[in-house]
Each structure stands twice: as C-alpha cells, then as structure tokens.
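K.L.:
Sharing protein.txt, compact mmCIF, C-alpha atoms:
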```
# COMPACT_ATOMS: atom_id res chain seq x y z
CA MET A 1 -37.16 84.65 -179.38
CA LEU A 2 -37.56 86.64 -182.61
CA SER A 3 -33.83 86.58 -183.27
CA ILE A 4 -33.68 82.78 -182.95
CA LEU A 5 -36.68 82.31 -185.23
CA THR A 6 -35.22 84.63 -187.88
CA ASN A 7 -31.89 82.79 -187.84
CA ASN A 8 -33.66 79.47 -188.25
CA LEU A 9 -35.62 80.79 -191.22
CA VAL A 10 -32.46 82.00 -192.91
CA ALA A 11 -30.76 78.67 -192.27
CA GLN A 12 -33.65 76.85 -193.91
CA GLY A 13 -33.57 78.94 -197.07
CA TYR A 14 -32.05 78.11 -200.43
CA ALA A 15 -29.63 79.84 -202.75
CA GLU A 16 -31.31 80.25 -206.14
CA PHE A 17 -29.44 80.35 -209.45
CA ARG A 18 -31.07 81.63 -212.65
CA THR A 19 -29.98 82.67 -216.12
CA ASP A 20 -30.71 86.09 -217.60
CA THR A 21 -32.78 85.97 -220.79
CA THR A 22 -33.88 89.61 -221.03
CA ARG A 23 -30.74 90.52 -222.95
CA LEU A 24 -31.32 87.58 -225.29
CA LYS A 25 -34.85 88.49 -226.40
CA ARG A 26 -33.56 89.79 -229.71
CA TYR A 27 -33.13 86.15 -230.75
CA ASP A 28 -36.94 85.58 -230.47
CA GLY A 29 -36.47 82.32 -228.61
CA ASN A 30 -34.06 80.90 -231.19
CA LEU A 31 -30.79 81.18 -229.33
CA PRO A 32 -27.61 80.71 -231.37
CA GLU A 33 -25.56 77.63 -230.56
CA SER A 34 -22.89 79.81 -228.95
CA ILE A 35 -25.45 80.47 -226.20
CA SER A 36 -27.79 77.47 -226.23
CA GLN A 37 -24.94 74.96 -225.98
CA GLN A 38 -23.64 76.43 -222.72
CA ILE A 39 -24.48 74.21 -219.77
CA TRP A 40 -23.90 74.15 -216.02
CA PHE A 41 -24.20 71.43 -213.41
CA ILE A 42 -24.44 73.13 -210.00
CA ASN A 43 -23.87 70.48 -207.34
CA GLY A 44 -25.19 68.01 -209.90
CA GLN A 45 -28.26 70.02 -210.99
CA GLU A 46 -28.42 70.99 -214.68
CA MET A 47 -29.06 74.54 -215.86
CA ARG A 48 -29.03 76.21 -219.30
CA TYR A 49 -30.07 79.62 -220.61
CA GLY A 50 -33.83 79.79 -220.31
CA SER A 51 -34.19 76.68 -218.14
CA LYS A 52 -35.74 76.65 -214.69
CA MET A 53 -33.78 77.89 -211.70
CA VAL A 54 -31.58 75.67 -209.55
CA LYS A 55 -31.99 75.68 -205.77
CA ILE A 56 -29.08 74.76 -203.51
CA LYS A 57 -29.03 74.40 -199.73
CA PRO A 58 -26.32 76.76 -198.42
CA ASN A 59 -23.48 75.35 -196.37
CA PRO A 60 -20.71 77.76 -195.33
CA ASN A 61 -18.52 74.86 -194.19
CA LYS A 62 -17.94 73.16 -197.54
CA LEU A 63 -16.82 74.02 -201.05
CA ASP A 64 -19.29 73.61 -203.90
CA THR A 65 -18.57 72.49 -207.45
CA ILE A 66 -19.97 73.86 -210.70
CA LEU A 67 -19.26 72.01 -213.93
CA TYR A 68 -19.43 74.35 -216.91
CA LYS A 69 -19.12 73.63 -220.62
CA GLY A 70 -18.94 76.52 -223.05
CA TYR A 71 -19.58 76.65 -226.76
CA ARG A 72 -17.61 74.08 -228.79
CA LYS A 73 -15.93 72.78 -225.65
CA LYS A 74 -15.44 69.03 -225.47
CA GLU A 75 -14.87 68.91 -221.73
CA PHE A 76 -16.35 70.56 -218.67
CA ASP A 77 -14.44 73.12 -216.63
CA THR A 78 -14.61 72.64 -212.86
CA ILE A 79 -15.40 75.86 -210.99
CA ILE A 80 -15.06 76.06 -207.21
CA CYS A 81 -17.29 78.27 -205.07
CA ASN A 82 -18.88 78.38 -201.61
CA ILE A 83 -22.68 78.59 -201.55
CA SER A 84 -22.91 79.93 -198.00
CA GLU A 85 -25.98 82.19 -198.10
CA ALA A 86 -29.63 81.91 -199.11
CA LYS A 87 -29.34 84.54 -201.84
CA ASN A 88 -30.42 84.88 -205.48
CA TYR A 89 -27.81 84.78 -208.22
CA LYS A 90 -28.11 85.25 -211.96
CA PHE A 91 -25.80 84.19 -214.81
CA TYR A 92 -25.39 86.66 -217.68
CA TYR A 93 -23.99 85.81 -221.10
CA ASN A 94 -20.70 87.66 -221.67
CA GLU A 95 -20.86 89.10 -225.20
CA CYS A 96 -17.15 89.89 -225.18
CA CYS A 97 -15.63 86.47 -224.61
CA GLY A 98 -18.58 84.09 -224.87
CA ALA A 99 -18.37 82.96 -221.24
CA PHE A 100 -20.57 84.27 -218.41
CA ASN A 101 -20.74 86.63 -215.44
CA ILE A 102 -22.53 86.11 -212.15
CA GLN A 103 -24.56 88.81 -210.41
CA ASP A 104 -25.78 89.06 -206.84
CA GLU A 105 -29.45 89.94 -207.32
CA SER A 106 -29.69 91.67 -203.93
CA THR A 107 -27.15 94.31 -205.00
CA LYS A 108 -27.62 94.10 -208.80
CA ARG A 109 -23.83 94.05 -209.10
CA PHE A 110 -21.41 91.59 -210.64
CA ILE A 111 -19.36 90.07 -207.84
CA GLN A 112 -15.67 91.00 -207.84
CA GLY A 113 -13.12 88.49 -206.63
CA LYS A 114 -10.91 89.22 -203.61
CA ILE A 115 -8.41 86.91 -201.91
CA ILE A 116 -6.23 87.07 -198.82
CA TYR A 117 -3.28 84.68 -199.18
CA GLN A 118 -1.53 83.53 -196.00
CA LEU A 119 1.38 81.32 -194.94
CA LYS A 120 0.82 79.14 -191.87
CA SER A 121 4.56 78.65 -191.34
CA LEU A 122 7.69 80.27 -192.74
CA ASP A 123 10.48 78.98 -194.95
CA ASN A 124 13.02 80.57 -197.29
CA LYS A 125 11.00 80.10 -200.51
CA THR A 126 9.17 82.72 -202.56
CA TYR A 127 5.44 82.20 -203.10
CA LEU A 128 3.06 83.89 -205.53
CA GLY A 129 -0.72 83.94 -205.19
CA THR A 130 -2.78 84.96 -208.23
CA LEU A 131 -6.31 86.10 -209.00
CA GLY A 132 -6.87 86.22 -212.74
CA GLU A 133 -4.24 88.51 -214.23
CA ALA A 134 -3.12 89.88 -210.84
CA GLY A 135 -0.62 88.42 -208.40
CA ILE A 136 0.88 89.05 -204.97
CA ILE A 137 4.01 87.83 -203.21
CA VAL A 138 2.98 85.87 -200.12
CA ASN A 139 5.00 85.88 -196.93
CA GLY A 140 4.32 85.68 -193.22
CA LYS A 141 3.84 89.42 -192.87
CA ASN A 142 1.55 89.95 -195.86
CA THR A 143 -2.16 90.34 -195.04
CA ASP A 144 -3.14 92.59 -197.96
CA THR A 145 -6.22 91.68 -199.97
CA LEU A 146 -5.46 90.81 -203.60
CA ASN A 147 -7.90 92.66 -205.86
CA VAL A 148 -8.65 92.62 -209.60
CA SER A 149 -7.31 96.07 -210.48
CA CYS A 150 -5.25 94.65 -213.37
CA ARG A 151 -8.25 92.98 -215.03
CA SER A 152 -10.14 94.15 -218.10
CA ALA A 153 -13.64 95.43 -217.35
CA MET A 154 -14.97 93.08 -220.04
CA SER A 155 -13.46 89.93 -218.51
CA PRO A 156 -15.89 87.51 -216.82
CA ASN A 157 -15.91 87.43 -213.03
CA ILE A 158 -14.90 83.78 -212.97
CA TYR A 159 -11.21 83.69 -212.05
CA ASN A 160 -8.29 81.37 -212.45
CA ILE A 161 -6.50 81.37 -209.10
CA SER A 162 -3.18 79.75 -208.33
CA PHE A 163 -0.59 79.47 -205.61
CA LYS A 164 2.99 78.74 -206.65
CA HIS A 165 6.51 78.40 -205.41
CA ILE A 166 8.41 80.67 -207.79
CA GLU A 167 11.79 82.07 -208.68
CA ILE A 168 11.79 85.81 -209.39
CA CYS A 169 13.50 86.79 -212.64
CA LYS A 170 16.57 88.93 -212.31
CA ASP A 171 17.37 91.54 -214.93
CA GLY A 172 14.69 90.10 -217.21
CA LEU A 173 16.52 86.78 -217.65
CA ASN A 174 14.75 83.40 -217.85
CA CYS A 175 11.33 85.06 -217.56
CA SER A 176 9.02 82.35 -218.84
CA GLU A 177 5.96 83.80 -217.05
CA GLY A 178 4.65 87.14 -215.86
CA THR A 179 1.86 88.77 -213.92
CA CYS A 180 0.59 92.18 -212.85
CA LEU A 181 2.04 92.27 -209.34
CA GLN A 182 0.21 94.03 -206.51
CA GLU A 183 3.05 95.17 -204.25
CA LYS A 184 0.94 97.22 -201.83
CA GLU A 185 -2.82 97.21 -201.73
CA ASN A 186 -3.36 100.86 -202.64
CA ASP A 187 -0.30 101.45 -204.82
CA ASP A 188 0.01 101.11 -208.59
CA PRO A 189 0.86 97.53 -209.60
CA ASN A 190 4.03 96.30 -211.25
CA TRP A 191 2.80 95.39 -214.74
CA ARG A 192 6.03 93.64 -215.77
CA PHE A 193 6.77 91.24 -212.95
CA GLY A 194 8.56 88.20 -214.38
CA TYR A 195 9.02 84.83 -212.72
CA LYS A 196 9.54 81.10 -213.26
CA THR A 197 7.30 78.50 -211.60
CA ILE A 198 9.14 75.94 -209.47
CA SER A 199 6.00 74.09 -208.34
CA LYS A 200 2.24 74.66 -208.28
CA LYS A 201 0.36 74.18 -205.04
CA LEU A 202 -3.06 75.25 -206.34
CA ASP A 203 -4.55 75.94 -209.78
CA ILE A 204 -8.36 76.20 -210.00
CA LEU A 205 -11.25 78.24 -211.40
CA TYR A 206 -13.02 80.24 -208.71
CA MET A 207 -16.43 81.94 -208.69
CA PRO A 208 -16.95 84.44 -205.83
CA LEU A 209 -20.45 84.59 -204.34
CA LYS A 210 -19.91 87.38 -201.80
CA SER A 211 -17.99 90.63 -201.54
CA GLU A 212 -15.81 89.49 -198.62
CA PRO A 213 -12.43 88.08 -199.65
CA ALA A 214 -11.77 84.36 -199.69
CA ILE A 215 -8.90 83.29 -197.44
CA ILE A 216 -6.39 80.83 -198.88
CA SER A 217 -3.67 79.57 -196.57
CA TYR A 218 -0.69 77.34 -197.28
CA ASP A 219 1.45 75.47 -194.77
CA PRO A 220 4.95 74.72 -196.15
CA LYS A 221 5.53 72.16 -193.39
CA THR A 222 2.62 69.95 -194.46
CA ASP A 223 2.36 71.14 -198.09
CA LYS A 224 -1.39 71.62 -197.62
CA ILE A 225 -3.72 74.33 -198.91
CA LYS A 226 -6.88 75.48 -197.12
CA ILE A 227 -9.63 77.61 -198.68
CA GLU A 228 -12.09 79.51 -196.49
```
For this file, produce the structure as structure tokens.
P.N.:
Amino acid sequence: MLSILTNNLVAQGYAEFRTDTTRLKRYDGNLPESISQQIWFINGQEMRYGSKMVKIKPNPNKLDTILYKGYRKKEFDTIICNISEAKNYKFYYNECCGAFNIQDESTKRFIQGKIIYQLKSLDNKTYLGTLGEAGIIVNGKNTDTLNVSCRSAMSPNIYNISFKHIEICKDGLNCSEGTCLQEKENDDPNWRFGYKTISKKLDILYMPLKSEPAIISYDPKTDKIKIE
C-alpha cells in the first residue's frame, strides 16, 4: 500500500527549472545584455535569468523541446531533452563561452552526456555517432557507451549529437572532417580520426537530464532513428 502511494506521489510531481543568480550578484541587479538577453522556452514556458521557475510535468515516453536564444542571436536553437523525472534543475551562466550549463540539484553536479549508439539491422556501410567533440564507429557488435572524454572542461554540457553514414579517410587523403574517436570505452581515443560525410541521419542539440546514457538506434532498412 505504501509503495503504491509513493509511486503515485512521484508520478504527480513536477520537474522544476530555475536559473542561478548567486554568481551574478556582482552586477547588483543590472545584468549585462550578454546575460539578460538569454532566453529559454521550455515546452512553451518562458524563462530568463532571475525570472520565476518553470514547472513541467515529467513524461518518460516523449521527447521535450527547449528553444534557446543566446546573446546577439537572431534565431532560437532547438534543444532536445527528455523530462522524465520530478527533479530540480538549475541553469548556470557559462563565463567561458557565454552559453549555459545545467545542474541536477539533487547531486549538485553538472550532468555529463552519455550515449549508446545501436544498429537495428546490418549493412555494409560505415556509421559514426558523435557526442560533442567525440565520436564512435557504430556497428552491430558495438554496445560501448560514448562519453565526453575528449571535451574541454569549460565547454557547456549541451551537446551537438549526430549520426552519419561516413567514408573513413585513408592515408590522410580527402579528410574534410575529423573527430576524437573513441575506439574502446576505456582506451585512449584517436584524436586524429578523419572522415567524409556521405549522409546525415541525425543532427541535433541534446541536453542530458540524467546520468544514464541515452540510447539512439538506427535501422538501415527503414532509414529511421529512435531516441530513448
């Protein structure tokens, strides 16, 4: 009886998003435009630095959208996430690059991205999954988690992720692109992996809200991507 009641209470809760202003007190309430002009729309609800919190009903079965416009940006960036838990999150201004970081208030830690890329069926093509500056070759046998070991500690924890059909460069020829390739999960990465994109299957901004890795699967037979 207690277990059922507790689960119902959790299900009825809300995820709460706030902005950190303690680090901005030195501006005495007069925030510079580089900070005050930043704006988010979280599932349609507006939030700025110093504004009231936004409450969102969690749903683990759907993707959520955050529209974000930084300083001097004319257009909004679309950030994908999954608000699946009734937890408290806080956005912190990133002094290094002018963007923002997100922190899980229950752990007081900035959330690090992790992804498991999978193929639902096999073909003879080469696929690359990325997470920020890091990448991993995806095949039917690969179940390693792609981490952010190649990323600068000052970079925001909002990540560009992509899934591509690629051609690996041979002998450094025709290398129009490159990534820091994770070849095995616990080994040193290949910092000079060169490739050429044949086609993009996915290219989005992703904001992790939990420590467990997201699972992204691609089916070459149907040419469809699934994010879990």
K.L.:
Using all atoms listed in the file, can you tell me which of A:Leu209, A:Ile136, A:Ile35, A:Met154 comes closest to Arg72 in chain A?
P.N.:
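The answer is A:Ile35, which sits nearest to Arg72 in chain A.
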K.L.:
Quick one: residues within 10 Å of Leu24 in chain A, all atoms listed in the file, excluding same-chain residues fewer than 3 positions away - as a list in words?
P.N.:
Asp20, Thr21, Tyr27, Asp28, Gly29, Asn30, Leu31, Pro32, Ile35, Tyr49, Gly50, Tyr92 and Tyr93 of chain A
K.L.:
Counting all atoms listed in the file, which of A:Glu133, A:His165, A:Glu75, A:Tyr206 gets nearest to Gly178 in chain A?
P.N.:
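Among the listed residues, the smallest separation from Gly178 in chain A belongs to A:Glu133.
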K.L.:
Please return as an mmCIF file with C-alpha atoms, in the frame of the given file every residue within 8 Å of (1.5, 78.7, -199.3), taking into account only C-alpha atoms and the file's own coordinates.
P.N.:
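Contents of the output file result-v3.cif:
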```cif
data_model
loop_
_atom_site.group_PDB
_atom_site.id
_atom_site.type_symbol
_atom_site.label_atom_id
_atom_site.label_comp_id
_atom_site.auth_asym_id
_atom_site.auth_seq_id
_atom_site.Cartn_x
_atom_site.Cartn_y
_atom_site.Cartn_z
ATOM 1 C CA TYR A 117 -3.280 84.680 -199.180
ATOM 2 C CA GLN A 118 -1.530 83.530 -196.000
ATOM 3 C CA LEU A 119 1.380 81.320 -194.940
ATOM 4 C CA LYS A 120 0.820 79.140 -191.870
ATOM 5 C CA TYR A 127 5.440 82.200 -203.100
ATOM 6 C CA VAL A 138 2.980 85.870 -200.120
ATOM 7 C CA PHE A 163 -0.590 79.470 -205.610
ATOM 8 C CA LYS A 164 2.990 78.740 -206.650
ATOM 9 C CA HIS A 165 6.510 78.400 -205.410
ATOM 10 C CA LYS A 201 0.360 74.180 -205.040
ATOM 11 C CA SER A 217 -3.670 79.570 -196.570
ATOM 12 C CA TYR A 218 -0.690 77.340 -197.280
ATOM 13 C CA ASP A 219 1.450 75.470 -194.770
ATOM 14 C CA PRO A 220 4.950 74.720 -196.150
ATOM 15 C CA ASP A 223 2.360 71.140 -198.090
ATOM 16 C CA LYS A 224 -1.390 71.620 -197.620
ATOM 17 C CA ILE A 225 -3.720 74.330 -198.910
#
```
K.L.:
Please determine, counting all atoms listed in the file, which residue among A:Cys97, A:Ile158, A:Met47, A:Ile166 has the shortest atom-to-atom distance to Gly113 in chain A.
P.N.:
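The shortest atom-to-atom distance to Gly113 in chain A comes from A:Ile158.
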K.L.:
Please list as a list of chain:residue names every residue within 6 Å of range 139-152 of chain A, counting all atoms listed in the file and excluding residues in the same chain fewer than 6 positions away.
P.N.:
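The neighbour list is A:Lys114, A:Ile115, A:Ile116, A:Leu119, A:Glu185.
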K.L.:
Report the distance between CA of Lys25 in chain A and CA of Lys108 in chain A in Å, rounded to one decimal place.
P.N.:
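These two atoms are separated by 19.8 Å.
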K.L.:
Mind checking which residues fall within 8 Å of range 190-198 of chain A, counting only C-alpha atoms, ignoring those fewer than 5 positions away in the same chain, and posting them as a VMD selection string?
P.N.:
chain A and resid 164 to 169 172 174 to 183
K.L.:
Which one is closest to Asp104 in chain A: A:Gln38, A:Asn157, A:Asn43, A:Thr65? Count all atoms listed in the file.
P.N.:
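Answer, going by the shortest atom-to-atom distance: A:Asn157.
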K.L.:
Mind giving me the straight-line distance from CA of Phe41 in chain A to CA of Leu202 in chain A in Å, one decimal?
P.N.:
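Straight-line distance from CA of Phe41 in chain A to CA of Leu202 in chain A works out to 22.6 Å.
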K.L.:
Go through A:Leu63, A:Val54, A:Ile161, A:Ile39 and flag the residue nearest Asp203 in chain A, using only C-alpha atoms for the distances.
P.N.:
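Once distances to Asp203 in chain A are computed over only C-alpha atoms, the minimum belongs to A:Ile161.
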K.L.:
Counting all atoms listed in the file, figure out which residue out of A:Glu33, A:Asp123, A:Glu16, A:Glu228 gets nearest to Lys87 in chain A.
P.N.:
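Of A:Glu33, A:Asp123, A:Glu16, A:Glu228, the one nearest Lys87 in chain A is A:Glu16, counting all atoms listed in the file.
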